[in-house]
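Here is the structure we will look at, set down as structure tokens.
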Amino acid sequence: MKTKALYSGSFDPPTMGHMDIISRAAKLYDELVIGVIGNPSKKSMFTLEEREDMLRETLKDFDNVSVDHFSGLLADYVNSNGFNVVVRGLRSTTDFDYEIQMAHMNDRLFNDSVETVFLMTDPKYSYISSSVVKEVFTLGGDINGLVPDEILKRMIK
């Protein structure tokens with residue numbers, strides 16, 4: 001059976017922690033879709049289209065990875081697009097507490113053949129979040145190495 005996995009998030013901006021999870025998940029599944037969540041009520045640094053473009057550029061060397069976007073319920077997107085795995089990244093026990101609650105709720109909403117899989121990020125990225133990266137960047141701090149070089153160039157623009 002072919003495995004089609006989804007790794008979703010706002011990716012505003014994509015960080016090295018995201019890239020760690022993506023590169024590892026791409027090795028585990030036949031197809032990995034990066035689902036950029038569009039949330040109009042959330043103040044973003046980058047538009048949905050910019051985030052998709054950044055991810056496509058950064059992930060162009062991965063043959064089995066594609067980028068898409070969606071809004072609304074994750075379960076609706078998962079069920080209507082034939083995914084059988086949802087990948088979630090974990091940095092800490094705080095992430096786990098939130099993610100396990102969401103996984104249980106989604107389990108009620110997913111088709112029967114969908115599993116949620118948790119991947120722990122590499123410890124060297126465990127303190128990185130898009131929110132922290134944006135805050136440090138907007139206050140003039142150095143975020144070199146916290147985001148891929150392509151992303152940093154776009155942030156500087």
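Here, A, B, ... name the chains of the structure tokens in the order displayed, residue numbers run from 1 inside each chain, and ligands are numbered from 1 in the same displayed order.
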
**Report entry** Residue set, chain A restricted to helix (DSSP H, G or I), as a PyMOL selection string
**Finding:** chain A and resi 16-28+48-58+74-80+93-109+123-125+130-138+149-156

**Report entry** Near-region 68-79 of chain A list (9 Å; only C-alpha atoms; drop same-chain fewer than 6 positions) as an NGL selection string
**Finding:** :A and (6 or 8 or 33-40 or 48-49 or 52 or 85-86 or 106-107 or 109-111 or 114)

Query raised in the report: Looking at only C-alpha atoms, which of A:Gly89, A:Lys157, A:Leu119, A:Phe96 is the one that sits closest to His18 (chain A)?
Result: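 The closest residue to His18 (chain A) is A:Gly89.
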
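Take the candidates A:Lys153, A:Lys43, A:Lys4, A:Arg56 and check each one against Met19 (chain A) using only C-alpha atoms; the shortest distance goes to A:Arg56.
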
Query - Point-to-point distance from CA of Tyr29 (chain A) to CA of Ala5 (chain A), Å rounded to tenths - result: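 Rounded to one decimal, the two atoms are 6.5 Å apart.
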
Query raised in the report: Hey, what's within 12 Å of Ile21 (chain A) if we count only C-alpha atoms and toss same-chain stuff fewer than 5 positions away? As a PyMOL selection string, please?
Result: chain A and resi 6-9+14-16+26-28+32+34+87-91+117-123+125-126

Restricting it to N, CA and C atoms, dump the selection as a PDB file, in the first residue's frame.
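File result-v5.pdb, as written:
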ATOM      1  N   LEU A   6       0.718  13.703   5.181  1.00  0.00           N
ATOM      2  CA  LEU A   6       0.554  15.150   5.238  1.00  0.00           C
ATOM      3  C   LEU A   6       1.295  15.688   6.452  1.00  0.00           C
ATOM      4  N   TYR A   7       2.077  16.735   6.226  1.00  0.00           N
ATOM      5  CA  TYR A   7       2.681  17.495   7.323  1.00  0.00           C
ATOM      6  C   TYR A   7       2.169  18.913   7.155  1.00  0.00           C
ATOM      7  N   SER A   8       1.361  19.364   8.090  1.00  0.00           N
ATOM      8  CA  SER A   8       0.713  20.664   7.942  1.00  0.00           C
ATOM      9  C   SER A   8       1.182  21.645   9.006  1.00  0.00           C
ATOM     10  N   GLY A   9       1.018  22.922   8.676  1.00  0.00           N
ATOM     11  CA  GLY A   9       1.351  23.984   9.607  1.00  0.00           C
ATOM     12  C   GLY A   9       1.214  25.324   8.922  1.00  0.00           C
ATOM     13  N   PRO A  14       8.951  29.093   7.487  1.00  0.00           N
ATOM     14  CA  PRO A  14       9.483  27.744   7.687  1.00  0.00           C
ATOM     15  C   PRO A  14      10.827  27.819   8.421  1.00  0.00           C
ATOM     16  N   THR A  15      11.004  26.956   9.405  1.00  0.00           N
ATOM     17  CA  THR A  15      12.236  26.965  10.210  1.00  0.00           C
ATOM     18  C   THR A  15      13.061  25.708   9.952  1.00  0.00           C
ATOM     19  N   MET A  16      14.245  25.679  10.522  1.00  0.00           N
ATOM     20  CA  MET A  16      15.077  24.479  10.416  1.00  0.00           C
ATOM     21  C   MET A  16      14.422  23.300  11.137  1.00  0.00           C
ATOM     22  N   ALA A  26      10.029  12.541   4.736  1.00  0.00           N
ATOM     23  CA  ALA A  26      10.159  12.212   3.306  1.00  0.00           C
ATOM     24  C   ALA A  26      10.829  10.858   3.105  1.00  0.00           C
ATOM     25  N   LYS A  27      11.668  10.447   4.049  1.00  0.00           N
ATOM     26  CA  LYS A  27      12.322   9.137   3.967  1.00  0.00           C
ATOM     27  C   LYS A  27      11.388   8.000   4.387  1.00  0.00           C
ATOM     28  N   LEU A  28      10.358   8.329   5.138  1.00  0.00           N
ATOM     29  CA  LEU A  28       9.469   7.310   5.686  1.00  0.00           C
ATOM     30  C   LEU A  28       8.267   6.988   4.796  1.00  0.00           C
ATOM     31  N   LEU A  32       4.878  12.784   0.423  1.00  0.00           N
ATOM     32  CA  LEU A  32       4.688  13.708   1.546  1.00  0.00           C
ATOM     33  C   LEU A  32       4.211  15.036   0.991  1.00  0.00           C
ATOM     34  N   ILE A  34       3.248  18.880   1.986  1.00  0.00           N
ATOM     35  CA  ILE A  34       3.355  19.924   2.997  1.00  0.00           C
ATOM     36  C   ILE A  34       2.124  20.803   2.827  1.00  0.00           C
ATOM     37  N   VAL A  87       1.546  13.614   9.801  1.00  0.00           N
ATOM     38  CA  VAL A  87       2.790  13.758  10.561  1.00  0.00           C
ATOM     39  C   VAL A  87       2.706  15.018  11.397  1.00  0.00           C
ATOM     40  N   ARG A  88       3.069  14.892  12.658  1.00  0.00           N
ATOM     41  CA  ARG A  88       3.125  16.052  13.550  1.00  0.00           C
ATOM     42  C   ARG A  88       4.507  16.084  14.194  1.00  0.00           C
ATOM     43  N   GLY A  89       5.087  17.259  14.240  1.00  0.00           N
ATOM     44  CA  GLY A  89       6.393  17.425  14.872  1.00  0.00           C
ATOM     45  C   GLY A  89       6.241  17.827  16.324  1.00  0.00           C
ATOM     46  N   LEU A  90       7.119  17.301  17.151  1.00  0.00           N
ATOM     47  CA  LEU A  90       7.105  17.617  18.579  1.00  0.00           C
ATOM     48  C   LEU A  90       8.460  18.163  18.996  1.00  0.00           C
ATOM     49  N   ARG A  91       8.436  19.264  19.741  1.00  0.00           N
ATOM     50  CA  ARG A  91       9.663  19.833  20.287  1.00  0.00           C
ATOM     51  C   ARG A  91       9.811  19.525  21.773  1.00  0.00           C
ATOM     52  N   VAL A 117       1.144  10.329  13.236  1.00  0.00           N
ATOM     53  CA  VAL A 117       2.474   9.896  13.641  1.00  0.00           C
ATOM     54  C   VAL A 117       3.232  11.109  14.161  1.00  0.00           C
ATOM     55  N   PHE A 118       3.827  10.966  15.328  1.00  0.00           N
ATOM     56  CA  PHE A 118       4.603  12.049  15.934  1.00  0.00           C
ATOM     57  C   PHE A 118       6.090  11.818  15.697  1.00  0.00           C
ATOM     58  N   LEU A 119       6.781  12.843  15.235  1.00  0.00           N
ATOM     59  CA  LEU A 119       8.235  12.810  15.093  1.00  0.00           C
ATOM     60  C   LEU A 119       8.835  13.873  15.998  1.00  0.00           C
ATOM     61  N   MET A 120       9.777  13.446  16.806  1.00  0.00           N
ATOM     62  CA  MET A 120      10.492  14.403  17.665  1.00  0.00           C
ATOM     63  C   MET A 120      11.506  15.151  16.818  1.00  0.00           C
ATOM     64  N   THR A 121      11.561  16.456  16.969  1.00  0.00           N
ATOM     65  CA  THR A 121      12.557  17.223  16.240  1.00  0.00           C
ATOM     66  C   THR A 121      13.939  16.952  16.808  1.00  0.00           C
ATOM     67  N   ASP A 122      14.932  17.184  16.009  1.00  0.00           N
ATOM     68  CA  ASP A 122      16.312  17.085  16.473  1.00  0.00           C
ATOM     69  C   ASP A 122      16.471  18.041  17.663  1.00  0.00           C
ATOM     70  N   PRO A 123      17.084  17.610  18.751  1.00  0.00           N
ATOM     71  CA  PRO A 123      17.209  18.475  19.931  1.00  0.00           C
ATOM     72  C   PRO A 123      17.826  19.841  19.639  1.00  0.00           C
ATOM     73  N   TYR A 125      17.093  21.776  17.419  1.00  0.00           N
ATOM     74  CA  TYR A 125      16.052  22.683  16.943  1.00  0.00           C
ATOM     75  C   TYR A 125      14.877  22.793  17.916  1.00  0.00           C
ATOM     76  N   SER A 126      14.983  22.195  19.067  1.00  0.00           N
ATOM     77  CA  SER A 126      13.829  22.081  19.962  1.00  0.00           C
ATOM     78  C   SER A 126      13.344  23.412  20.530  1.00  0.00           C
TER      79      SER A 126
END

Report summary line: As a check of understanding: the span from CA of Ser23 (chain A) to CA of Asp95 (chain A) is 19.9 Å

Report task. Determine, counting only C-alpha atoms, which protein, DNA and RNA residues have an atom within 8 Å of an atom of region 57-63 of chain A; residues of the same chain fewer than 3 positions away are not included. Present the result as an MDAnalysis selection string. Result -> chainID A and resid 26 53:54 148 150:151

Report task. Among the residues of chain A, find those DSSP assigns to strand (DSSP E or B) from the backbone and print them as an NGL selection string. Result -> :A and (4-9 or 31-37 or 65-70 or 85-90 or 115-120 or 144 or 147)

**Report entry** Who sits within 12 Å of region 133-136 of chain A, only C-alpha atoms, same chain under 2 positions skipped, as a VMD selection string
**Finding:** chain A and resid 11 to 17 43 to 46 125 127 to 131 138 to 148 151 to 152 155 to 156

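Between CA of Met1 (chain A) and CA of Asn84 (chain A) the separation is 9.9 Å.
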